file data_23.txt (compact mmCIF, C-alpha atoms)
# COMPACT_ATOMS: atom_id res chain seq x y z
CA MET C 21 -47.32 21.11 -6.26
CA ARG C 22 -44.67 20.56 -8.93
CA LEU C 23 -41.96 21.45 -6.43
CA VAL C 24 -43.25 18.79 -4.03
CA ALA C 25 -43.29 16.21 -6.86
CA LYS C 26 -39.72 17.11 -7.88
CA CYS C 27 -38.48 16.94 -4.29
CA SER C 28 -40.23 13.60 -3.87
CA SER C 29 -38.61 12.25 -7.06
CA ILE C 30 -35.16 13.44 -6.00
CA LEU C 31 -35.60 11.95 -2.54
CA SER C 32 -36.67 8.62 -4.09
CA LEU C 33 -33.57 8.54 -6.29
CA VAL C 34 -31.29 9.29 -3.32
CA LEU C 35 -32.93 6.54 -1.28
CA LEU C 36 -32.67 4.07 -4.17
CA ALA C 37 -28.98 4.85 -4.70
CA SER C 38 -28.27 4.31 -1.01
CA CYS C 39 -30.04 0.92 -1.13
CA VAL C 40 -27.49 -0.62 -3.50
CA ALA C 41 -25.79 -3.43 -1.63
CA THR C 42 -22.06 -3.27 -1.01
CA VAL C 43 -19.90 -6.19 -2.07
CA ALA C 44 -18.71 -8.44 0.76
CA PRO C 45 -14.91 -8.66 1.04
CA GLU C 46 -14.98 -12.43 0.45
CA ASP C 47 -16.81 -11.90 -2.87
CA VAL C 48 -14.03 -9.77 -4.38
CA LYS C 49 -11.69 -11.85 -6.55
CA TYR C 50 -8.12 -10.60 -7.02
CA GLN C 51 -5.41 -11.28 -9.57
CA HIS C 52 -1.85 -10.09 -8.92
CA TYR C 53 0.97 -9.62 -11.43
CA LEU C 54 4.57 -8.49 -11.45
CA ALA C 55 5.43 -6.40 -14.49
CA LYS C 56 7.94 -3.92 -15.92
CA HIS C 57 5.30 -1.48 -17.13
CA VAL C 58 1.76 -0.56 -16.11
CA ASP C 59 -0.21 1.99 -18.14
CA LEU C 60 -1.48 4.38 -15.51
CA SER C 61 -4.12 6.05 -17.69
CA LYS C 62 -7.75 5.29 -16.89
CA LYS C 63 -8.72 4.19 -20.42
CA ALA C 64 -5.65 2.06 -21.16
CA GLU C 65 -6.14 -0.57 -23.85
CA SER C 66 -2.93 -2.39 -22.97
CA LEU C 67 -2.86 -2.35 -19.20
CA VAL C 68 0.38 -4.15 -18.46
CA SER C 69 3.49 -5.32 -20.28
CA GLY C 70 6.62 -7.17 -19.33
CA ILE C 71 4.83 -9.60 -17.01
CA GLY C 72 7.32 -11.91 -15.37
CA ASN C 73 9.51 -12.51 -12.38
CA GLU C 74 12.93 -11.46 -13.72
CA PHE C 75 13.92 -7.81 -13.78
CA GLY C 76 17.01 -5.78 -14.57
CA ILE C 77 18.64 -3.39 -12.15
CA GLU C 78 17.31 -0.41 -14.18
CA ASP C 79 13.71 -1.73 -14.35
CA ARG C 80 10.74 -0.51 -12.40
CA ILE C 81 9.00 -3.41 -10.70
CA TYR C 82 5.23 -3.05 -10.50
CA VAL C 83 2.90 -5.24 -8.54
CA LEU C 84 -0.49 -4.81 -10.19
CA SER C 85 -3.69 -5.98 -8.53
CA ILE C 86 -7.00 -6.30 -10.33
CA ALA C 87 -10.19 -6.69 -8.29
CA ASN C 88 -13.43 -8.05 -9.77
CA TRP C 89 -16.90 -8.48 -8.27
CA ASP C 90 -20.55 -8.48 -9.27
CA PRO C 91 -21.08 -5.14 -11.07
CA GLU C 92 -24.57 -4.87 -9.53
CA LEU C 93 -22.92 -4.36 -6.15
CA LYS C 94 -21.18 -1.25 -4.88
CA GLY C 95 -17.43 -1.46 -4.24
CA GLU C 96 -15.83 -0.57 -0.96
CA LYS C 97 -12.67 0.86 0.51
CA VAL C 98 -9.74 -1.45 1.19
CA GLU C 99 -6.37 -0.71 2.75
CA ALA C 100 -3.57 -2.09 0.56
CA ARG C 101 0.00 -2.60 1.77
CA TRP C 102 3.06 -3.96 0.00
CA ASP C 103 6.01 -5.34 1.98
CA TRP C 104 9.16 -5.73 -0.15
CA TYR C 105 11.80 -8.23 1.00
CA THR C 106 15.30 -9.24 0.02
CA GLY C 107 15.59 -12.76 1.38
CA ASP C 108 14.03 -12.53 4.85
CA GLU C 109 14.92 -8.85 5.34
CA LEU C 110 12.05 -6.38 5.08
CA ARG C 111 13.42 -3.56 2.91
CA TYR C 112 10.42 -1.34 2.23
CA THR C 113 6.77 -1.10 3.13
CA HIS C 114 4.18 1.23 1.69
CA GLY C 115 0.44 1.33 1.47
CA ARG C 116 -2.62 3.38 0.73
CA ASP C 117 -6.39 3.35 1.00
CA ILE C 118 -8.04 2.18 -2.20
CA LEU C 119 -11.63 3.16 -2.98
CA MET C 120 -12.89 0.48 -5.34
CA LYS C 121 -15.82 2.11 -7.14
CA GLU C 122 -16.63 -0.33 -9.94
CA PRO C 123 -15.16 -3.55 -11.32
CA PRO C 124 -12.65 -4.26 -12.60
CA HIS C 125 -10.65 -2.02 -10.30
CA ARG C 126 -6.88 -1.93 -10.54
CA PHE C 127 -4.26 -0.64 -8.15
CA TRP C 128 -0.52 -1.03 -7.87
CA GLY C 129 2.64 -0.53 -5.91
CA ARG C 130 6.15 -0.25 -7.31
CA LYS C 131 9.83 -0.22 -6.53
CA SER C 132 12.87 -0.06 -8.74
CA GLY C 133 15.62 -2.59 -9.28
CA VAL C 134 18.09 0.05 -8.05
CA GLU C 135 16.20 0.40 -4.74
CA LEU C 136 16.09 -3.35 -4.15
CA GLY C 137 19.48 -4.30 -5.61
CA LYS C 138 20.50 -7.50 -7.35
CA GLY C 139 19.27 -10.72 -5.82
CA GLU C 140 16.19 -12.74 -4.93
CA HIS C 141 13.21 -10.76 -3.66
CA ARG C 142 9.54 -11.04 -2.81
CA VAL C 143 6.63 -8.71 -2.29
CA VAL C 144 3.82 -9.57 0.09
CA ILE C 145 0.44 -7.97 -0.62
CA TYR C 146 -1.85 -7.26 2.35
CA LEU C 147 -5.46 -6.13 2.07
CA ASP C 148 -6.98 -4.80 5.29
CA ASP C 149 -3.99 -6.28 7.15
CA LYS C 150 -4.71 -9.77 5.82
CA LYS C 151 -2.06 -11.47 3.68
CA GLU C 152 -3.49 -11.79 0.18
CA GLU C 153 -0.56 -12.92 -1.98
CA GLU C 154 3.21 -13.38 -2.03
CA LEU C 155 5.11 -12.95 -5.32
CA HIS C 156 8.76 -13.93 -5.79
CA PHE C 157 11.13 -12.32 -8.31
CA SER C 158 14.79 -11.66 -9.03
CA VAL C 159 16.75 -8.57 -10.01
CA LYS C 160 19.81 -9.23 -12.19

call {"tool": "encode", "arguments": {"input": "data_23.txt", "output": "structure tokens"}}
result
Amino acid sequence: MRLVAKCSSILSLVLLASCVATVAPEDVKYQHYLAKHVDLSKKAESLVSGIGNEFGIEDRIYVLSIANWDPELKGEKVEARWDWYTGDELRYTHGRDILMKEPPHRFWGRKSGVELGKGEHRVVIYLDDKKEEELHFSVK
């Protein structure tokens, strides 16, 4: 009898966990930053430094995205892509699948000043193939 009660309790917990609603894509709010440094550790106190839109040729250029939503809702997977331009010329593109488990969730892409070269640049952020943001910056 105890085994049946335990199995019933476990089954109830599994069913309850699967009943948590998933956040709708339109309910996720994003903030995007360009920065020289992003702390990649999970428990970082100071997440980002060197926020701005001017970089040196030796700098790494991070585009950091922070997603927030109602913590009562379950996150979902999103496909992120970053297109890096010099003027109107597409120089690089890269992307990855992001599993957003709980808010706030952060993810990033990066290039270096050496890769992009001196000049005026922009990075376009796409989420699930939809243009989310365009950030302009220069490398000196």

call {"tool": "residues_around", "arguments": {"input": "data_23.txt", "residues": "Pro123 in chain C", "least_positions_apart": "4", "cutoff": "9 Å", "atoms": "only C-alpha atoms", "output": "NGL selection string"}}
result
:C and (86-91 or 95)

call {"tool": "atom_distance", "arguments": {"input": "data_23.txt", "atom1": "CA of Ala41 in chain C", "atom2": "CA of Ser85 in chain C"}}
result
23.3 Å

call {"tool": "closest_residue", "arguments": {"input": "data_23.txt", "among": "C:Asp103, C:Glu92, C:Asp79, C:Asp59", "to": "Val144 in chain C", "atoms": "only C-alpha atoms"}}
result
C:Asp103

call {"tool": "closest_residue", "arguments": {"input": "data_23.txt", "among": "C:Ala100, C:Leu110, C:Ile118, C:Leu54", "to": "His156 in chain C", "atoms": "only C-alpha atoms"}}
result
C:Leu54

call {"tool": "residues_around", "arguments": {"input": "data_23.txt", "residues": "Lys160 in chain C", "least_positions_apart": "5", "cutoff": "10 Å", "atoms": "only C-alpha atoms", "output": "list in words"}}
result
Glu74, Phe75, Gly76, Ile77, Glu78, Asp79, Gly133, Gly137, Lys138, Gly139 and Glu140 of chain C

call {"tool": "residues_near_point", "arguments": {"input": "data_23.txt", "point": "(4.7, -10.3, -13.0)", "cutoff": "9 Å", "atoms": "all atoms listed in the file", "output": "list of chain:residue names"}}
result
C:His52, C:Tyr53, C:Leu54, C:Ala55, C:Lys56, C:Ser69, C:Gly70, C:Ile71, C:Gly72, C:Asn73, C:Glu74, C:Ile81, C:Tyr82, C:Val83, C:Leu84, C:Leu155, C:Phe157

call {"tool": "closest_residue", "arguments": {"input": "data_23.txt", "among": "C:Val40, C:Glu96, C:Lys131, C:Asp47", "to": "Leu119 in chain C", "atoms": "only C-alpha atoms"}}
result
C:Glu96

call {"tool": "closest_residue", "arguments": {"input": "data_23.txt", "among": "C:Arg142, C:Lys121, C:Glu135, C:Leu93", "to": "Gly107 in chain C", "atoms": "all atoms listed in the file"}}
result
C:Arg142

call {"tool": "closest_residue", "arguments": {"input": "data_23.txt", "among": "C:Thr42, C:Arg80, C:Arg116, C:Lys150", "to": "Leu136 in chain C", "atoms": "all atoms listed in the file"}}
result
C:Arg80

call {"tool": "closest_residue", "arguments": {"input": "data_23.txt", "among": "C:His125, C:Lys94, C:Glu99, C:Val143", "to": "Tyr112 in chain C", "atoms": "all atoms listed in the file"}}
result
C:Val143

call {"tool": "atom_distance", "arguments": {"input": "data_23.txt", "atom1": "CA of Arg101 in chain C", "atom2": "CA of Ser158 in chain C"}}
result
20.4 Å

call {"tool": "atom_distance", "arguments": {"input": "data_23.txt", "atom1": "CA of Glu152 in chain C", "atom2": "CA of Tyr50 in chain C"}}
result
8.6 Å

call {"tool": "build_atoms", "arguments": {"input": "data_23.txt", "residues": "range 115-126 of chain C", "atoms": "N, CA, C and O atoms", "output": "PDB file, in the coordinates of the input"}}
result
ATOM      1  N   GLY C 115       1.836   1.689   1.644  1.00  0.00           N
ATOM      2  CA  GLY C 115       0.440   1.330   1.470  1.00  0.00           C
ATOM      3  C   GLY C 115      -0.413   2.553   1.218  1.00  0.00           C
ATOM      4  O   GLY C 115       0.061   3.683   1.290  1.00  0.00           O
ATOM      5  N   ARG C 116      -1.666   2.293   0.922  1.00  0.00           N
ATOM      6  CA  ARG C 116      -2.620   3.380   0.730  1.00  0.00           C
ATOM      7  C   ARG C 116      -4.039   2.821   0.784  1.00  0.00           C
ATOM      8  O   ARG C 116      -4.262   1.633   0.585  1.00  0.00           O
ATOM      9  N   ASP C 117      -4.976   3.713   1.036  1.00  0.00           N
ATOM     10  CA  ASP C 117      -6.390   3.350   1.000  1.00  0.00           C
ATOM     11  C   ASP C 117      -6.859   3.368  -0.441  1.00  0.00           C
ATOM     12  O   ASP C 117      -6.581   4.314  -1.180  1.00  0.00           O
ATOM     13  N   ILE C 118      -7.550   2.320  -0.842  1.00  0.00           N
ATOM     14  CA  ILE C 118      -8.040   2.180  -2.200  1.00  0.00           C
ATOM     15  C   ILE C 118      -9.570   2.194  -2.153  1.00  0.00           C
ATOM     16  O   ILE C 118     -10.173   1.378  -1.459  1.00  0.00           O
ATOM     17  N   LEU C 119     -10.181   3.125  -2.871  1.00  0.00           N
ATOM     18  CA  LEU C 119     -11.630   3.160  -2.980  1.00  0.00           C
ATOM     19  C   LEU C 119     -12.014   2.476  -4.277  1.00  0.00           C
ATOM     20  O   LEU C 119     -11.786   2.999  -5.355  1.00  0.00           O
ATOM     21  N   MET C 120     -12.533   1.269  -4.162  1.00  0.00           N
ATOM     22  CA  MET C 120     -12.890   0.480  -5.340  1.00  0.00           C
ATOM     23  C   MET C 120     -14.334   0.818  -5.718  1.00  0.00           C
ATOM     24  O   MET C 120     -15.269   0.340  -5.081  1.00  0.00           O
ATOM     25  N   LYS C 121     -14.485   1.632  -6.758  1.00  0.00           N
ATOM     26  CA  LYS C 121     -15.820   2.110  -7.140  1.00  0.00           C
ATOM     27  C   LYS C 121     -16.576   1.110  -7.991  1.00  0.00           C
ATOM     28  O   LYS C 121     -17.725   0.807  -7.722  1.00  0.00           O
ATOM     29  N   GLU C 122     -15.950   0.614  -9.052  1.00  0.00           N
ATOM     30  CA  GLU C 122     -16.630  -0.330  -9.940  1.00  0.00           C
ATOM     31  C   GLU C 122     -15.620  -1.328 -10.500  1.00  0.00           C
ATOM     32  O   GLU C 122     -14.451  -1.020 -10.632  1.00  0.00           O
ATOM     33  N   PRO C 123     -16.071  -2.538 -10.797  1.00  0.00           N
ATOM     34  CA  PRO C 123     -15.160  -3.550 -11.320  1.00  0.00           C
ATOM     35  C   PRO C 123     -14.941  -3.393 -12.822  1.00  0.00           C
ATOM     36  O   PRO C 123     -15.804  -2.845 -13.501  1.00  0.00           O
ATOM     37  N   PRO C 124     -13.848  -3.856 -13.351  1.00  0.00           N
ATOM     38  CA  PRO C 124     -12.650  -4.260 -12.600  1.00  0.00           C
ATOM     39  C   PRO C 124     -11.922  -3.031 -12.092  1.00  0.00           C
ATOM     40  O   PRO C 124     -11.865  -2.008 -12.773  1.00  0.00           O
ATOM     41  N   HIS C 125     -11.408  -3.125 -10.892  1.00  0.00           N
ATOM     42  CA  HIS C 125     -10.650  -2.020 -10.300  1.00  0.00           C
ATOM     43  C   HIS C 125      -9.196  -2.453 -10.184  1.00  0.00           C
ATOM     44  O   HIS C 125      -8.921  -3.559  -9.743  1.00  0.00           O
ATOM     45  N   ARG C 126      -8.299  -1.583 -10.598  1.00  0.00           N
ATOM     46  CA  ARG C 126      -6.880  -1.930 -10.540  1.00  0.00           C
ATOM     47  C   ARG C 126      -6.124  -0.950  -9.655  1.00  0.00           C
ATOM     48  O   ARG C 126      -6.473   0.225  -9.574  1.00  0.00           O
TER      49      ARG C 126
END
